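**Q** My questions all concern the structure below.
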Amino acid sequence: MNFNQIKTAVLAQAETLAENSFHQFATQGVADTQAFLADSEATLKNALALLQQGKIDPDDFADAVKATSTLAEMNTLKQAGLASAKIDMFVSGVLQIFIDAALAAL
């Protein structure tokens with residue numbers, strides 16, 4: 001599975017996560033997820049390549065993905081007035097979805 005396939009899977013699952021986390025702001029959650037994936041694409045692709053080449057193990061891969069959380073600005077959700085704790089939980093969920101999708105593709 002390549003990055004674009006993983007990205008598509010993440011966006012589909014992030015939409016469900018956003019609907020379950022904050023129904024009225026699901027559209028904003030998806031938009032912020034798209035922005036995050038675009039902003040962190042190079043870093044995520046690099047981590048994925050290292051994992052696929054066997055240069056890092058799944059735990060190191062998960063750590064590398066989670067480290068990208070600083071790139072997840074989630075501006076649209078912040079502008080909607082959502083609490084930081086809810087946004088942080090959403091970001092953690094999106095990162096876990098990415099990790100799970102990538103590891104399932106191995």
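Convention: chains lettered A, B, ... in structure tokens order; per-chain residue numbering from 1; ligands numbered from 1 as shown.
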Need to verify the contact set: A:Ala12, 12 Å, only C-alpha atoms, exclusion of same-chain residues closer than 4 positions in sequence. Can you return it as a list of chain:residue names?
**A**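 Those residues are A:Gln5, A:Ile6, A:Lys7, A:Thr8, A:Thr16, A:Leu17, A:Ala18, A:Glu19, A:Ala26, A:Thr27, A:Gly29, A:Val30, A:Ala31, A:Thr33, A:Gln34, A:Val94, A:Ile97, A:Phe98, A:Ala101.
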**Q** Running DSSP on the backbone, which parts of chain A land in helix (DSSP H, G or I), as a CSV table (one decimal) with N, CA and C atoms, in the first residue's frame?
**A**
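The resulting file, out.csv, is reproduced below:
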```csv
chain,number,residue,atom,x,y,z
A,3,PHE,N,1.4,5.6,0.0
A,3,PHE,CA,1.0,6.7,0.9
A,3,PHE,C,-0.4,7.2,0.5
A,4,ASN,N,-0.7,7.3,-0.8
A,4,ASN,CA,-2.0,7.8,-1.2
A,4,ASN,C,-3.1,6.9,-0.8
A,5,GLN,N,-2.9,5.6,-0.8
A,5,GLN,CA,-3.9,4.6,-0.4
A,5,GLN,C,-4.1,4.7,1.1
A,6,ILE,N,-3.0,4.9,1.8
A,6,ILE,CA,-3.2,5.0,3.3
A,6,ILE,C,-3.9,6.3,3.6
A,7,LYS,N,-3.5,7.4,2.9
A,7,LYS,CA,-4.2,8.7,3.1
A,7,LYS,C,-5.7,8.6,2.9
A,8,THR,N,-6.1,7.9,1.8
A,8,THR,CA,-7.5,7.7,1.5
A,8,THR,C,-8.2,7.0,2.6
A,9,ALA,N,-7.6,5.9,3.1
A,9,ALA,CA,-8.1,5.2,4.2
A,9,ALA,C,-8.2,6.0,5.5
A,10,VAL,N,-7.2,6.8,5.8
A,10,VAL,CA,-7.2,7.7,6.9
A,10,VAL,C,-8.3,8.7,6.9
A,11,LEU,N,-8.5,9.3,5.7
A,11,LEU,CA,-9.5,10.3,5.6
A,11,LEU,C,-10.9,9.7,5.7
A,12,ALA,N,-11.2,8.6,5.2
A,12,ALA,CA,-12.5,7.9,5.4
A,12,ALA,C,-12.7,7.6,6.9
A,13,GLN,N,-11.7,7.1,7.6
A,13,GLN,CA,-11.9,6.8,9.0
A,13,GLN,C,-11.9,8.0,9.8
A,14,ALA,N,-11.2,9.1,9.4
A,14,ALA,CA,-11.2,10.3,10.2
A,14,ALA,C,-12.6,11.0,10.1
A,15,GLU,N,-13.3,10.8,9.0
A,15,GLU,CA,-14.6,11.4,8.9
A,15,GLU,C,-15.6,10.7,9.9
A,16,THR,N,-15.5,9.4,10.1
A,16,THR,CA,-16.3,8.7,11.1
A,16,THR,C,-15.9,9.1,12.5
A,17,LEU,N,-14.6,9.2,12.7
A,17,LEU,CA,-14.1,9.7,14.0
A,17,LEU,C,-14.6,11.1,14.3
A,18,ALA,N,-14.6,12.0,13.4
A,18,ALA,CA,-15.0,13.4,13.6
A,18,ALA,C,-16.5,13.4,13.8
A,19,GLU,N,-17.3,12.6,13.1
A,19,GLU,CA,-18.7,12.5,13.3
A,19,GLU,C,-19.1,12.0,14.7
A,20,ASN,N,-18.3,11.0,15.2
A,20,ASN,CA,-18.5,10.5,16.5
A,20,ASN,C,-18.0,11.4,17.6
A,21,SER,N,-17.0,12.2,17.4
A,21,SER,CA,-16.3,13.0,18.4
A,21,SER,C,-17.1,14.3,18.5
A,23,HIS,N,-20.1,15.8,16.2
A,23,HIS,CA,-21.0,15.7,15.1
A,23,HIS,C,-21.1,16.9,14.2
A,24,GLN,N,-21.4,18.0,14.9
A,24,GLN,CA,-21.7,19.3,14.1
A,24,GLN,C,-20.5,19.9,13.5
A,25,PHE,N,-19.3,19.4,13.9
A,25,PHE,CA,-18.0,19.9,13.3
A,25,PHE,C,-17.3,18.9,12.5
A,26,ALA,N,-18.0,17.8,12.1
A,26,ALA,CA,-17.3,16.8,11.3
A,26,ALA,C,-16.6,17.3,10.1
A,27,THR,N,-17.2,18.2,9.3
A,27,THR,CA,-16.6,18.7,8.1
A,27,THR,C,-15.3,19.4,8.4
A,28,GLN,N,-15.3,20.2,9.5
A,28,GLN,CA,-14.1,20.9,9.9
A,28,GLN,C,-13.0,19.9,10.3
A,29,GLY,N,-13.4,18.8,11.0
A,29,GLY,CA,-12.4,17.7,11.3
A,29,GLY,C,-11.8,17.1,10.1
A,30,VAL,N,-12.6,16.8,9.1
A,30,VAL,CA,-12.0,16.2,7.9
A,30,VAL,C,-11.1,17.2,7.2
A,31,ALA,N,-11.5,18.5,7.1
A,31,ALA,CA,-10.7,19.5,6.5
A,31,ALA,C,-9.4,19.7,7.2
A,32,ASP,N,-9.4,19.7,8.5
A,32,ASP,CA,-8.2,19.8,9.3
A,32,ASP,C,-7.3,18.5,9.1
A,33,THR,N,-7.9,17.4,9.0
A,33,THR,CA,-7.1,16.1,8.7
A,33,THR,C,-6.5,16.2,7.4
A,34,GLN,N,-7.2,16.7,6.4
A,34,GLN,CA,-6.6,16.8,5.0
A,34,GLN,C,-5.4,17.8,5.1
A,35,ALA,N,-5.5,18.9,5.8
A,35,ALA,CA,-4.5,19.9,5.9
A,35,ALA,C,-3.3,19.3,6.7
A,36,PHE,N,-3.5,18.5,7.7
A,36,PHE,CA,-2.5,17.9,8.5
A,36,PHE,C,-1.7,16.9,7.6
A,37,LEU,N,-2.4,16.1,6.8
A,37,LEU,CA,-1.8,15.1,6.0
A,37,LEU,C,-0.9,15.8,4.9
A,38,ALA,N,-1.4,16.9,4.4
A,38,ALA,CA,-0.6,17.6,3.4
A,38,ALA,C,0.6,18.2,4.0
A,39,ASP,N,0.5,18.8,5.2
A,39,ASP,CA,1.6,19.5,5.9
A,39,ASP,C,2.7,18.5,6.3
A,41,GLU,N,3.1,15.4,5.0
A,41,GLU,CA,3.3,14.3,4.0
A,41,GLU,C,4.7,13.8,3.9
A,42,ALA,N,5.7,14.7,3.8
A,42,ALA,CA,7.1,14.3,3.6
A,42,ALA,C,7.6,13.5,4.8
A,43,THR,N,7.2,13.9,6.0
A,43,THR,CA,7.7,13.2,7.2
A,43,THR,C,7.0,11.8,7.3
A,44,LEU,N,5.7,11.8,7.0
A,44,LEU,CA,5.0,10.5,7.1
A,44,LEU,C,5.5,9.6,6.0
A,45,LYS,N,5.7,10.1,4.8
A,45,LYS,CA,6.2,9.2,3.7
A,45,LYS,C,7.6,8.7,4.1
A,46,ASN,N,8.4,9.5,4.7
A,46,ASN,CA,9.8,9.0,5.1
A,46,ASN,C,9.7,7.9,6.1
A,47,ALA,N,8.8,8.1,7.1
A,47,ALA,CA,8.6,7.1,8.1
A,47,ALA,C,8.1,5.8,7.5
A,48,LEU,N,7.2,5.9,6.6
A,48,LEU,CA,6.6,4.8,6.0
A,48,LEU,C,7.6,4.0,5.1
A,49,ALA,N,8.5,4.8,4.4
A,49,ALA,CA,9.5,4.1,3.6
A,49,ALA,C,10.5,3.4,4.5
A,50,LEU,N,10.9,4.0,5.6
A,50,LEU,CA,11.8,3.3,6.5
A,50,LEU,C,11.2,2.1,7.1
A,51,LEU,N,9.9,2.1,7.4
A,51,LEU,CA,9.2,0.9,7.9
A,51,LEU,C,9.2,-0.2,6.8
A,52,GLN,N,8.8,0.2,5.6
A,52,GLN,CA,8.7,-0.8,4.5
A,52,GLN,C,10.1,-1.4,4.2
A,58,PRO,N,7.9,-1.5,13.9
A,58,PRO,CA,6.6,-0.8,14.0
A,58,PRO,C,6.5,0.2,15.2
A,59,ASP,N,7.2,-0.1,16.3
A,59,ASP,CA,7.1,0.8,17.5
A,59,ASP,C,7.8,2.1,17.1
A,60,ASP,N,9.0,2.0,16.4
A,60,ASP,CA,9.6,3.3,16.0
A,60,ASP,C,8.8,4.0,15.0
A,61,PHE,N,8.1,3.3,14.1
A,61,PHE,CA,7.3,3.9,13.2
A,61,PHE,C,6.1,4.7,13.9
A,62,ALA,N,5.5,4.0,14.8
A,62,ALA,CA,4.4,4.7,15.6
A,62,ALA,C,4.9,5.9,16.3
A,63,ASP,N,6.1,5.8,16.9
A,63,ASP,CA,6.7,7.0,17.5
A,63,ASP,C,6.9,8.2,16.5
A,64,ALA,N,7.4,7.8,15.4
A,64,ALA,CA,7.7,8.8,14.3
A,64,ALA,C,6.4,9.5,13.9
A,65,VAL,N,5.3,8.7,13.7
A,65,VAL,CA,4.0,9.3,13.3
A,65,VAL,C,3.5,10.2,14.4
A,66,LYS,N,3.5,9.7,15.6
A,66,LYS,CA,3.0,10.5,16.8
A,66,LYS,C,3.8,11.8,17.0
A,67,ALA,N,5.0,11.8,16.6
A,67,ALA,CA,5.9,13.0,16.7
A,67,ALA,C,5.4,14.1,15.7
A,68,THR,N,4.6,13.7,14.7
A,68,THR,CA,4.1,14.7,13.8
A,68,THR,C,2.9,15.5,14.3
A,69,SER,N,2.5,15.1,15.5
A,69,SER,CA,1.3,15.8,16.1
A,69,SER,C,1.5,17.3,16.2
A,70,THR,N,2.7,17.7,16.3
A,70,THR,CA,3.0,19.2,16.4
A,70,THR,C,2.6,19.9,15.1
A,71,LEU,N,2.5,19.1,14.0
A,71,LEU,CA,2.1,19.7,12.7
A,71,LEU,C,0.6,19.8,12.6
A,75,ASN,N,-6.7,24.1,12.7
A,75,ASN,CA,-7.1,25.5,12.8
A,75,ASN,C,-8.6,25.6,12.7
A,76,THR,N,-9.2,24.9,11.8
A,76,THR,CA,-10.7,25.0,11.6
A,76,THR,C,-11.4,24.6,12.8
A,77,LEU,N,-11.0,23.5,13.5
A,77,LEU,CA,-11.7,23.1,14.7
A,77,LEU,C,-11.5,24.1,15.8
A,78,LYS,N,-10.3,24.7,15.9
A,78,LYS,CA,-10.0,25.7,16.9
A,78,LYS,C,-10.9,27.0,16.6
A,79,GLN,N,-11.1,27.3,15.4
A,79,GLN,CA,-11.9,28.5,15.0
A,79,GLN,C,-13.4,28.2,15.4
A,84,SER,N,-9.6,22.4,23.6
A,84,SER,CA,-8.3,21.8,23.2
A,84,SER,C,-8.2,20.3,23.5
A,85,ALA,N,-8.8,19.9,24.6
A,85,ALA,CA,-8.8,18.5,25.0
A,85,ALA,C,-9.5,17.6,23.9
A,86,LYS,N,-10.6,18.1,23.4
A,86,LYS,CA,-11.3,17.3,22.4
A,86,LYS,C,-10.5,17.3,21.1
A,87,ILE,N,-9.9,18.4,20.7
A,87,ILE,CA,-9.0,18.4,19.5
A,87,ILE,C,-7.8,17.5,19.7
A,88,ASP,N,-7.2,17.5,20.8
A,88,ASP,CA,-6.1,16.6,21.1
A,88,ASP,C,-6.5,15.1,21.0
A,89,MET,N,-7.7,14.8,21.5
A,89,MET,CA,-8.1,13.4,21.4
A,89,MET,C,-8.4,13.1,19.9
A,90,PHE,N,-8.9,14.0,19.1
A,90,PHE,CA,-9.1,13.8,17.7
A,90,PHE,C,-7.8,13.5,17.0
A,91,VAL,N,-6.8,14.4,17.3
A,91,VAL,CA,-5.5,14.3,16.6
A,91,VAL,C,-4.9,12.9,17.0
A,92,SER,N,-5.0,12.5,18.2
A,92,SER,CA,-4.4,11.2,18.6
A,92,SER,C,-5.1,10.1,17.9
A,93,GLY,N,-6.4,10.2,17.7
A,93,GLY,CA,-7.2,9.2,16.9
A,93,GLY,C,-6.8,9.1,15.5
A,94,VAL,N,-6.6,10.3,14.9
A,94,VAL,CA,-6.2,10.3,13.5
A,94,VAL,C,-4.8,9.7,13.3
A,95,LEU,N,-3.9,10.0,14.2
A,95,LEU,CA,-2.5,9.4,14.2
A,95,LEU,C,-2.6,7.9,14.3
A,96,GLN,N,-3.4,7.4,15.2
A,96,GLN,CA,-3.6,6.0,15.4
A,96,GLN,C,-4.2,5.3,14.2
A,97,ILE,N,-5.1,6.0,13.6
A,97,ILE,CA,-5.7,5.5,12.3
A,97,ILE,C,-4.6,5.3,11.3
A,98,PHE,N,-3.7,6.3,11.1
A,98,PHE,CA,-2.6,6.3,10.2
A,98,PHE,C,-1.7,5.1,10.5
A,99,ILE,N,-1.3,5.0,11.7
A,99,ILE,CA,-0.4,3.9,12.1
A,99,ILE,C,-1.1,2.5,11.8
A,100,ASP,N,-2.3,2.4,12.2
A,100,ASP,CA,-3.0,1.1,12.0
A,100,ASP,C,-3.1,0.8,10.5
A,101,ALA,N,-3.5,1.8,9.7
A,101,ALA,CA,-3.6,1.6,8.2
A,101,ALA,C,-2.2,1.2,7.6
A,102,ALA,N,-1.2,1.9,8.0
A,102,ALA,CA,0.2,1.5,7.5
A,102,ALA,C,0.6,0.2,7.9
A,103,LEU,N,0.4,-0.2,9.1
A,103,LEU,CA,0.9,-1.5,9.6
A,103,LEU,C,0.0,-2.6,9.0
A,104,ALA,N,-1.2,-2.4,8.8
A,104,ALA,CA,-2.1,-3.4,8.1
A,104,ALA,C,-1.6,-3.6,6.7
```
**Q** Taking into account only C-alpha atoms, which residue in the set A:Leu106, A:Ser40, A:Glu73, A:Gly81 is nearest to A:Asp57?
**A** A:Leu106
